[in-house]
Each structure stands twice: as C-alpha cells, then as structure tokens.
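Trainee: The structure's right below; bear with me while I get my questions together.
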Amino acid sequence: MRHIGPCVLALLLAACGTAELQPSTAKTYICPPCAHHVGEAGEHYTADGICPICNMQLMEQPNFSQINQVDLHKGGGNFVIDGGAAIPGRTITVFYHQPENFNSETPILIVVPGTGRNAWDYRDTWVQHAERNGVLVLAPHYSKEQYDFAAYHMGGVIENFEMNNTQGDSDNRFYIADEDVRFDINQDRSKWLFADFDRLFELVVTATGSNQQSYDLFGHSAGAQIAHRFALFQPDSKAGRIVAANSGFYTLPNLQKTPLFGLAKTGLGADELARSFEKELILLLGESDNADSSGGTMLHSPKADQQGLGRYERGHYFYSVAQMTASTLAMDFNWQLISVPDTDHDFSAMSEAATRYLYDN
C-alpha cells in the first residue's frame with residue numbers, strides 16, 4: 001500500500017466523515033490493514049465504524065501494557081496474552097465476542113484464522129452464530145512479524161524454515177521443488193504453538209467464572225492446518241471437538257515420514273498417535289474447494305501434490321490415510337469427514353457449516 005501523507009489523510013477524513021481522528025482516549029480504534037492506523041502524533045479513531053481510507057471495519061486498539069489481564073464484557077473486544085514462557089517477547093492478541101446471554105455454562109469456541117491472520121474478521125463472522133447459539137468466541141491473532149510459516153502453519157514443530165526458487169501465479173498458487181524447502185525439526189514441545197489454546201482457555205475460564213471443562217476449536221485454511229496438527233501433536237489437550245476446514249495440505253499420521261508430511265523425528269510415538277485418533281477431529285471440506293479454486297494460498301510440490309491438487313482432494317486423502325493407519329494398528333478411530341456442498345474456500349460459509357455441526361443439532 002502506498003504511503004498516505006498527513007495532509008491527504010486529513011482531507012480524506014474530512015470528506016468521508018465516517019470516523020473521527022482525535023488524540024488517544026481510554027477506548028480507541030484502529031484499522032489493521034492500513035499503514036495510517038496510527039498517526040504521526042499517536043492519534044487514533046475515537047469511535048467504532050468504517051475506515052475512511054480502505055472501508056474496512058475498525059477494531060479496538062489492543063492494550064499491550066496489560067499482558068494476561070483478561071477482562072471480558074458483553075459484545076466484542078480484545079485482550080493480550082503472552083506467547084508462552086518458552087518464547088519470551090511474543091504476544092497474542094485475542095479478539096472475542098461474549099454473547100448477550102453469557103453465563104457460567106456458555107460453551108467456549110476458539111477460532112483460528114487463515115494465512116491473513118485476520119482474527120478480527122473471523123471473530124466478526126462468528127458474531128451472529130455466537131448470539132444465536134450462546135457461544136463465547138475467542139479468535140487469537142498471531143502476527144506475521146512474530147510468527148512465521150514454521151511457527152504458525154506448522155505450529156512450531158519446525159524452525160529455521162526456508163523456501164527457495166518459488167514460482168507463483170495469479171491465483172495464489174505457489175510451486176516449489178521439495179529439495180528447495182529447508183528447515184530443522186524442533187523437538188522442544190514447550191516451543192510448539194499448540195499449548196497456547198489450553199492456556200487461553202484456562203485464562204478465560206478463570207476470568208469469567210466459567211464451569212466449562214473443555215472447549216471447541218475451529219480452524220480455517222491455515223487455521224485448519226494448525227487444527228489438524230493440534231489433534232496430532234497435542235492429543236491430551238482440553239479441546240473437545242476440533243474442526244479443520246479446508247486445510248491447504250496435511251501432516252500425515254505416519255511415524256516413518258518426517259515433516260512437513262509426517263511425524264518421524266518429532267518425538268511422537270504410537271501411544272500419542274492412538275490418543276490422537278481418539279480425539280473428535282472433524283475434517284470440514286468445501287466440495288468446490290478443488291484444484292481450480294482461487295481462494296487462499298495453495299502450495300504445490302511433488303510431495304504435497306501426492307495428497308491431491310485441490311484442498312477437497314487432499315482432505316479426502318488425509319482422512320483415508322488416517323483411517324487405514326488406525327485400522328492397521330488396531331487403534332480406535334473417532335475422526336469424521338463432512339463435505340459441504342456448493343462451497344469453496346469461503347471462511348464465512350465454512351463457519352456457518354461448522355456452526356450447524358457444533359451447535360445447531
């Protein structure tokens with residue numbers, strides 16, 4: 001985005017009149033996509049509304065001076081937690097919506113966003129579902145500056161990630177040779193991302209007086225990559241139901257293959273794999289999210305394409321491999337695959353489908 005000078009910005013604000021820019025007050029708002037979200041003198045928008053520059057919804061300014069201080073109110077807001085004791089200096093801003101009828105028995109849902117990391121948009125998409133079904137929604141934002149592909153998509157299971165000689169097209173499809181992907185496997189589980197979800201849940205339970213003993217988790221696109229890896233790498237979590245919607249590619253439940261596509265050398269063994277298969281993991285696949293879909297970002301390499309050329313095909317491949325593995329090893333298998341007709345990579349439509357499965361029954 002090109003730089004917008006303060007004079008041009010002032011003229012646009014005066015012309016549009018949709019949000020007033022004033023010196024910062026106790027409650028302020030910003031526009032995350034825009035470079036102008038904070039002015040040269042530290043100004044912020046003082047009222048909720050629409051950004052006059054890009055027409056995006058404004059959001060509450062996170063308070064980074066109050067780490068791990070969780071104080072929820074009815075409606076939407078956000079709070080900031082640390083990135084975990086093992087990775088000091090990182091923060092996670094959690095965008096939430098507390099429904100009007102919230103009480104100690106209200107279900108809790110963690111929503112993990114895609115590659116755009118736009119947790120505020122995912123939170124907003126779930127507002128109507130949260131009010132209709134009485135669900136507390138928590139959407140954690142992992143910034144790209146602090147969490148790269150290895151730390152976010154792969155949950156920190158790998159580190160020192162490099163991709164060389166990548167070629168792309170206009171539909172956000174990227175092509176790379178497997179030998180041009182380099183990384184180290186990180187066996188230090190304390191630095192994996194997956195424990196964040198139980199920690200977030202416990203902070204919110206304590207802050208709200210909730211009686212919930214478990215939570216649901218929904219991840220879409222890159223968030224679905226995290227969600228299915230969460231089931232594999234953190235099988236003893238407090239998550240009750242895990243919904244992985246339209247993942248770009250999968251880590252297979254294979255103890256002989258190494259990442260990105262297997263579990264070897266990560267420290268996981270057969271006992272943990274068995275507990276993973278016992279989790280309620282739901283693969284939610286849009287039937288139109290195939291090789292021709294232009295939504296999201298899609299990685300193609302010879303190993304990735306063994307799973308299929310589109311997300312729908314890759315999801316079926318992952319499920320079949322998991323089902324066969326569980327059968328071969330005589331393990332219980334509690335995973336499900338649900339196809340969503342007439343739906344591609346649309347996270348709003350997939351959120352609606354997840355709501356029907358989780359709360360409308």
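For the structure tokens, the naming scheme is as follows: chains receive sequential letters (A, B, ...) according to their order of presentation, residues are indexed from 1 within each chain, and ligands are indexed from 1 in presentation order.
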Give me the range 198-287 of chain A side of the contact with range 100-122 of chain A, cut-off 8 Å, one line per residue showing its nearest atom pair and distance in Å at one decimal, counting only C-alpha atoms, sorted by chain and residue number, as a Markdown table.

Mentor:
```
| residue | atom | partner | partner_atom | distance |
| --- | --- | --- | --- | --- |
| A:Phe201 | CA | A:Ile108 | CA | 8.0 |
| A:Thr208 | CA | A:Ser104 | CA | 7.4 |
| A:Gly209 | CA | A:Ser104 | CA | 6.1 |
| A:Ser210 | CA | A:Ser104 | CA | 4.1 |
| A:Asn211 | CA | A:Ser104 | CA | 5.3 |
| A:Gln212 | CA | A:Glu105 | CA | 6.3 |
| A:Ser214 | CA | A:Ile108 | CA | 7.9 |
| A:Tyr215 | CA | A:Ile108 | CA | 5.2 |
| A:Asp216 | CA | A:Leu109 | CA | 4.7 |
| A:Leu217 | CA | A:Ile110 | CA | 4.7 |
| A:Phe218 | CA | A:Val111 | CA | 4.9 |
| A:Gly219 | CA | A:Val112 | CA | 4.5 |
| A:His220 | CA | A:Gly114 | CA | 5.7 |
| A:Ser221 | CA | A:Gly114 | CA | 5.0 |
| A:Ala222 | CA | A:Gly114 | CA | 4.3 |
| A:Gly223 | CA | A:Gly114 | CA | 4.8 |
| A:Ala224 | CA | A:Val112 | CA | 7.6 |
| A:Ile226 | CA | A:Val112 | CA | 7.9 |
| A:Ala227 | CA | A:Val112 | CA | 7.8 |
```

Trainee: For range 57-64 of chain A, find every residue with an atom within 8 Å (counting only C-alpha atoms), except residues of its own chain fewer than 6 positions away, and show them as a PDB file with C-alpha atoms, in the first residue's frame.

Mentor:
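Ended up saving to selection08.pdb:
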```pdb
ATOM      1  CA  LYS A  27     -11.036   3.455  24.310  1.00  0.00           C
ATOM      2  CA  THR A  28      -9.618   3.855  20.823  1.00  0.00           C
ATOM      3  CA  TYR A  29      -9.908   2.133  17.454  1.00  0.00           C
ATOM      4  CA  ILE A  30      -7.530   1.326  14.613  1.00  0.00           C
ATOM      5  CA  CYS A  31      -7.623  -0.067  11.084  1.00  0.00           C
ATOM      6  CA  PRO A  32      -5.305  -3.111  10.985  1.00  0.00           C
ATOM      7  CA  ASP A  48     -16.156   2.345  16.132  1.00  0.00           C
ATOM      8  CA  GLY A  49     -17.051   2.404  12.446  1.00  0.00           C
ATOM      9  CA  ILE A  50     -15.635   2.122   8.952  1.00  0.00           C
ATOM     10  CA  CYS A  51     -12.141   3.166   7.916  1.00  0.00           C
ATOM     11  CA  GLY A  77     -13.347  -6.630  22.436  1.00  0.00           C
ATOM     12  CA  ASN A  78      -9.801  -7.904  22.734  1.00  0.00           C
ATOM     13  CA  PHE A  79      -7.097  -8.648  25.256  1.00  0.00           C
ATOM     14  CA  VAL A  80      -3.404  -9.515  25.020  1.00  0.00           C
ATOM     15  CA  THR A  93      -3.969 -10.516  20.761  1.00  0.00           C
ATOM     16  CA  TRP A 120     -10.881  -9.706  13.989  1.00  0.00           C
TER      17      TRP A 120
END
```

Trainee: What lies within 8 Å of range 244-253 of chain A using only C-alpha atoms, ignoring chain neighbours under 6 positions off, as a CSV table (one decimal) with C-alpha atoms, in the first residue's frame?

Mentor:
```
chain,number,residue,atom,x,y,z
A,218,PHE,CA,-12.4,-24.2,14.6
A,219,GLY,CA,-9.6,-23.5,12.2
A,220,HIS,CA,-10.0,-22.5,8.5
A,221,SER,CA,-7.3,-22.7,5.7
A,222,ALA,CA,-4.0,-22.1,7.5
A,223,GLY,CA,-6.0,-22.3,10.7
A,224,ALA,CA,-7.1,-25.8,9.6
A,225,GLN,CA,-3.5,-26.7,9.1
A,227,ALA,CA,-6.2,-27.5,13.8
A,228,HIS,CA,-5.4,-31.0,12.4
A,229,ARG,CA,-1.8,-30.7,13.7
A,232,LEU,CA,-1.9,-34.9,16.2
A,259,PRO,CA,7.7,-33.3,8.4
A,260,LEU,CA,6.4,-31.4,6.6
A,261,PHE,CA,4.3,-34.5,5.7
A,262,GLY,CA,4.8,-37.0,8.6
A,263,LEU,CA,5.6,-37.3,12.3
A,273,LEU,CA,-0.9,-41.4,17.8
A,281,LEU,CA,-11.4,-34.3,14.8
A,282,ILE,CA,-13.9,-33.2,12.1
A,283,LEU,CA,-12.5,-32.5,8.6
A,284,LEU,CA,-14.9,-30.0,7.0
A,285,LEU,CA,-14.3,-29.8,3.3
A,286,GLY,CA,-15.9,-27.4,0.8
A,289,ASP,CA,-12.5,-26.0,-2.9
A,297,THR,CA,-2.9,-19.7,-0.8
A,298,MET,CA,-2.0,-23.1,-2.2
A,299,LEU,CA,1.4,-24.8,-2.1
A,304,ALA,CA,2.3,-32.0,-1.4
A,307,GLN,CA,-2.2,-35.7,-1.4
A,310,GLY,CA,-7.0,-29.3,-4.5
A,311,ARG,CA,-8.0,-28.9,-0.8
A,312,TYR,CA,-11.1,-31.2,-1.2
A,314,ARG,CA,-6.2,-33.5,-0.1
A,315,GLY,CA,-8.7,-33.7,2.7
A,318,PHE,CA,-5.6,-37.4,4.6
A,321,VAL,CA,-4.6,-42.5,5.2
A,322,ALA,CA,-5.6,-41.9,8.9
A,325,THR,CA,-3.4,-46.4,9.7
A,345,HIS,CA,-12.7,-21.5,0.2
A,350,MET,CA,-17.4,-22.8,6.3
```

Trainee: Between CA of Leu203 in chain A and CA of Gln69 in chain A, what distance in Å does the model show, to one decimal?

Mentor: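 Separation between CA of Leu203 in chain A and CA of Gln69 in chain A: 8.8 Å.
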
Trainee: I'd like to know which residues of range 10-259 of chain A are alpha helix (DSSP H) (by DSSP, run on the backbone); could you write them as a ChimeraX atom specification?

Mentor: /A:10-16,119-125,127-133,195-208,222-233

Trainee: Output N, CA and C atoms of each residue in that selection to a file, as a CSV table (one decimal), in the first residue's frame.

Mentor:
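Result file again-v5.csv:
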```csv
chain,number,residue,atom,x,y,z
A,10,ALA,N,-5.9,13.9,6.2
A,10,ALA,CA,-6.9,14.9,6.8
A,10,ALA,C,-8.0,15.2,5.8
A,11,LEU,N,-7.7,15.4,4.6
A,11,LEU,CA,-8.7,15.7,3.6
A,11,LEU,C,-9.6,14.6,3.4
A,12,LEU,N,-9.1,13.4,3.4
A,12,LEU,CA,-10.0,12.2,3.2
A,12,LEU,C,-10.9,12.0,4.4
A,13,LEU,N,-10.4,12.2,5.6
A,13,LEU,CA,-11.2,12.1,6.8
A,13,LEU,C,-12.3,13.2,6.8
A,14,ALA,N,-12.0,14.4,6.4
A,14,ALA,CA,-13.0,15.4,6.3
A,14,ALA,C,-14.1,15.1,5.3
A,15,ALA,N,-13.6,14.6,4.2
A,15,ALA,CA,-14.6,14.3,3.1
A,15,ALA,C,-15.5,13.1,3.5
A,16,CYS,N,-14.9,12.1,4.1
A,16,CYS,CA,-15.7,10.9,4.3
A,16,CYS,C,-16.6,11.0,5.6
A,119,ALA,N,-7.7,-12.2,12.7
A,119,ALA,CA,-8.6,-12.7,13.7
A,119,ALA,C,-9.8,-11.9,14.0
A,120,TRP,N,-9.7,-10.6,13.8
A,120,TRP,CA,-10.9,-9.7,14.0
A,120,TRP,C,-12.0,-10.0,13.0
A,121,ASP,N,-11.6,-10.3,11.7
A,121,ASP,CA,-12.6,-10.7,10.7
A,121,ASP,C,-13.3,-12.0,11.1
A,122,TYR,N,-12.5,-13.0,11.5
A,122,TYR,CA,-13.0,-14.3,11.8
A,122,TYR,C,-14.0,-14.2,13.0
A,123,ARG,N,-13.6,-13.4,14.0
A,123,ARG,CA,-14.4,-13.1,15.2
A,123,ARG,C,-15.8,-12.5,14.7
A,124,ASP,N,-15.7,-11.5,13.9
A,124,ASP,CA,-16.9,-10.8,13.4
A,124,ASP,C,-17.8,-11.8,12.6
A,125,THR,N,-17.2,-12.7,11.9
A,125,THR,CA,-18.0,-13.6,11.1
A,125,THR,C,-18.8,-14.6,12.1
A,127,VAL,N,-20.0,-13.7,15.0
A,127,VAL,CA,-20.9,-13.0,16.0
A,127,VAL,C,-22.3,-13.5,15.9
A,128,GLN,N,-22.9,-13.5,14.7
A,128,GLN,CA,-24.3,-14.0,14.6
A,128,GLN,C,-24.5,-15.4,15.1
A,129,HIS,N,-23.5,-16.3,14.9
A,129,HIS,CA,-23.6,-17.6,15.4
A,129,HIS,C,-23.5,-17.7,16.9
A,130,ALA,N,-22.6,-16.8,17.4
A,130,ALA,CA,-22.4,-16.8,18.9
A,130,ALA,C,-23.7,-16.3,19.6
A,131,GLU,N,-24.3,-15.3,19.0
A,131,GLU,CA,-25.6,-14.8,19.7
A,131,GLU,C,-26.7,-15.8,19.5
A,132,ARG,N,-26.8,-16.4,18.3
A,132,ARG,CA,-27.9,-17.4,18.1
A,132,ARG,C,-27.8,-18.6,19.0
A,133,ASN,N,-26.5,-19.1,19.2
A,133,ASN,CA,-26.4,-20.3,19.9
A,133,ASN,C,-25.8,-20.1,21.3
A,195,ALA,N,0.1,-25.6,22.8
A,195,ALA,CA,-0.3,-25.5,24.2
A,195,ALA,C,-1.0,-24.1,24.4
A,196,ASP,N,-0.9,-23.2,23.5
A,196,ASP,CA,-1.5,-21.9,23.7
A,196,ASP,C,-3.0,-22.0,23.9
A,197,PHE,N,-3.6,-23.0,23.2
A,197,PHE,CA,-5.1,-23.0,23.2
A,197,PHE,C,-5.6,-23.4,24.6
A,198,ASP,N,-5.0,-24.4,25.2
A,198,ASP,CA,-5.4,-24.7,26.6
A,198,ASP,C,-5.1,-23.6,27.6
A,199,ARG,N,-4.0,-22.9,27.4
A,199,ARG,CA,-3.6,-21.8,28.2
A,199,ARG,C,-4.6,-20.7,28.1
A,200,LEU,N,-5.0,-20.3,26.9
A,200,LEU,CA,-6.0,-19.3,26.6
A,200,LEU,C,-7.3,-19.7,27.3
A,201,PHE,N,-7.7,-20.9,27.1
A,201,PHE,CA,-9.0,-21.4,27.7
A,201,PHE,C,-9.0,-21.3,29.2
A,202,GLU,N,-7.9,-21.7,29.8
A,202,GLU,CA,-7.8,-21.6,31.3
A,202,GLU,C,-7.8,-20.2,31.8
A,203,LEU,N,-7.2,-19.2,31.1
A,203,LEU,CA,-7.2,-17.8,31.5
A,203,LEU,C,-8.7,-17.3,31.4
A,204,VAL,N,-9.4,-17.6,30.4
A,204,VAL,CA,-10.8,-17.2,30.2
A,204,VAL,C,-11.7,-17.8,31.2
A,205,VAL,N,-11.5,-19.1,31.5
A,205,VAL,CA,-12.4,-19.8,32.5
A,205,VAL,C,-12.2,-19.1,33.8
A,206,THR,N,-10.9,-18.8,34.2
A,206,THR,CA,-10.7,-18.1,35.5
A,206,THR,C,-11.3,-16.7,35.5
A,207,ALA,N,-11.1,-16.0,34.4
A,207,ALA,CA,-11.6,-14.6,34.4
A,207,ALA,C,-13.1,-14.5,34.4
A,208,THR,N,-13.8,-15.5,33.8
A,208,THR,CA,-15.3,-15.4,33.7
A,208,THR,C,-16.0,-16.2,34.7
A,222,ALA,N,-5.2,-21.9,6.7
A,222,ALA,CA,-4.0,-22.1,7.5
A,222,ALA,C,-4.4,-22.5,8.9
A,223,GLY,N,-5.5,-21.9,9.4
A,223,GLY,CA,-6.0,-22.3,10.7
A,223,GLY,C,-6.4,-23.8,10.8
A,224,ALA,N,-6.8,-24.4,9.7
A,224,ALA,CA,-7.1,-25.8,9.6
A,224,ALA,C,-5.9,-26.6,9.6
A,225,GLN,N,-4.8,-26.1,9.0
A,225,GLN,CA,-3.5,-26.7,9.1
A,225,GLN,C,-3.1,-26.9,10.6
A,226,ILE,N,-3.3,-25.8,11.3
A,226,ILE,CA,-3.0,-25.8,12.8
A,226,ILE,C,-3.9,-26.7,13.5
A,227,ALA,N,-5.2,-26.7,13.1
A,227,ALA,CA,-6.2,-27.5,13.8
A,227,ALA,C,-5.9,-29.0,13.7
A,228,HIS,N,-5.6,-29.5,12.5
A,228,HIS,CA,-5.4,-31.0,12.4
A,228,HIS,C,-4.1,-31.3,13.1
A,229,ARG,N,-3.1,-30.4,13.0
A,229,ARG,CA,-1.8,-30.7,13.7
A,229,ARG,C,-2.0,-30.6,15.2
A,230,PHE,N,-2.8,-29.8,15.6
A,230,PHE,CA,-3.2,-29.7,17.1
A,230,PHE,C,-3.7,-31.1,17.5
A,231,ALA,N,-4.6,-31.7,16.8
A,231,ALA,CA,-5.1,-33.0,17.1
A,231,ALA,C,-4.0,-34.1,17.2
A,232,LEU,N,-3.0,-33.9,16.3
A,232,LEU,CA,-1.9,-34.9,16.2
A,232,LEU,C,-0.9,-34.7,17.3
A,233,PHE,N,-0.4,-33.4,17.4
A,233,PHE,CA,0.7,-33.1,18.3
A,233,PHE,C,0.3,-32.8,19.7
```

Trainee: Nearest to Tyr317 in chain A: which of A:Val135, A:Thr355, A:Phe277, A:Asp305 is it, counting only C-alpha atoms?

Mentor: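 Ranked by minimum distance to Tyr317 in chain A, first place goes to A:Asp305.
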
Trainee: One decimal, in Å: what's the spacing between CA of Ser288 in chain A and CA of Ala349 in chain A?

Mentor: 11.8 Å

Trainee: So which residues of range 38-271 of chain A fall under strand (DSSP E or B) by DSSP, listed as JSON, numbers by chain?

Mentor: {"A": [44, 45, 50, 57, 59, 60, 67, 75, 76, 77, 78, 79, 80, 81, 82, 91, 92, 93, 94, 95, 96, 97, 98, 108, 109, 110, 111, 112, 136, 137, 138, 139, 140, 141, 158, 159, 160, 161, 162, 163, 167, 168, 173, 174, 175, 181, 182, 183, 184, 185, 215, 216, 217, 218, 219, 220, 239, 240, 241, 242, 243, 244, 245]}

Trainee: Which residue, A:Ala151, A:Ala264, A:Val243, A:Ala330, has the smallest gap to Ala353 in chain A when you use only C-alpha atoms?

Mentor: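 Selected residue with least distance to Ala353 in chain A: A:Val243.
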
Trainee: Find the spatial neighbours of Asp236 in chain A, counting only C-alpha atoms, within a cut-off of 9 Å - ignore same-chain residues fewer than 6 positions away - and output them as a list in words.

Mentor: Glu272, Arg275, Ser276 and Lys279 of chain A

Trainee: Dump N, CA and C atoms for the selected residues as a CSV table (one decimal), in the first residue's frame?

Mentor:
```csv
chain,number,residue,atom,x,y,z
A,272,GLU,N,0.9,-41.8,21.5
A,272,GLU,CA,0.3,-40.5,21.3
A,272,GLU,C,-0.6,-40.5,20.0
A,275,ARG,N,-3.9,-41.8,20.9
A,275,ARG,CA,-4.8,-40.8,21.6
A,275,ARG,C,-5.3,-39.8,20.6
A,276,SER,N,-4.5,-39.5,19.6
A,276,SER,CA,-4.9,-38.5,18.6
A,276,SER,C,-6.1,-39.0,17.8
A,279,LYS,N,-9.4,-38.4,19.5
A,279,LYS,CA,-10.0,-37.1,19.6
A,279,LYS,C,-11.1,-37.0,18.6
```
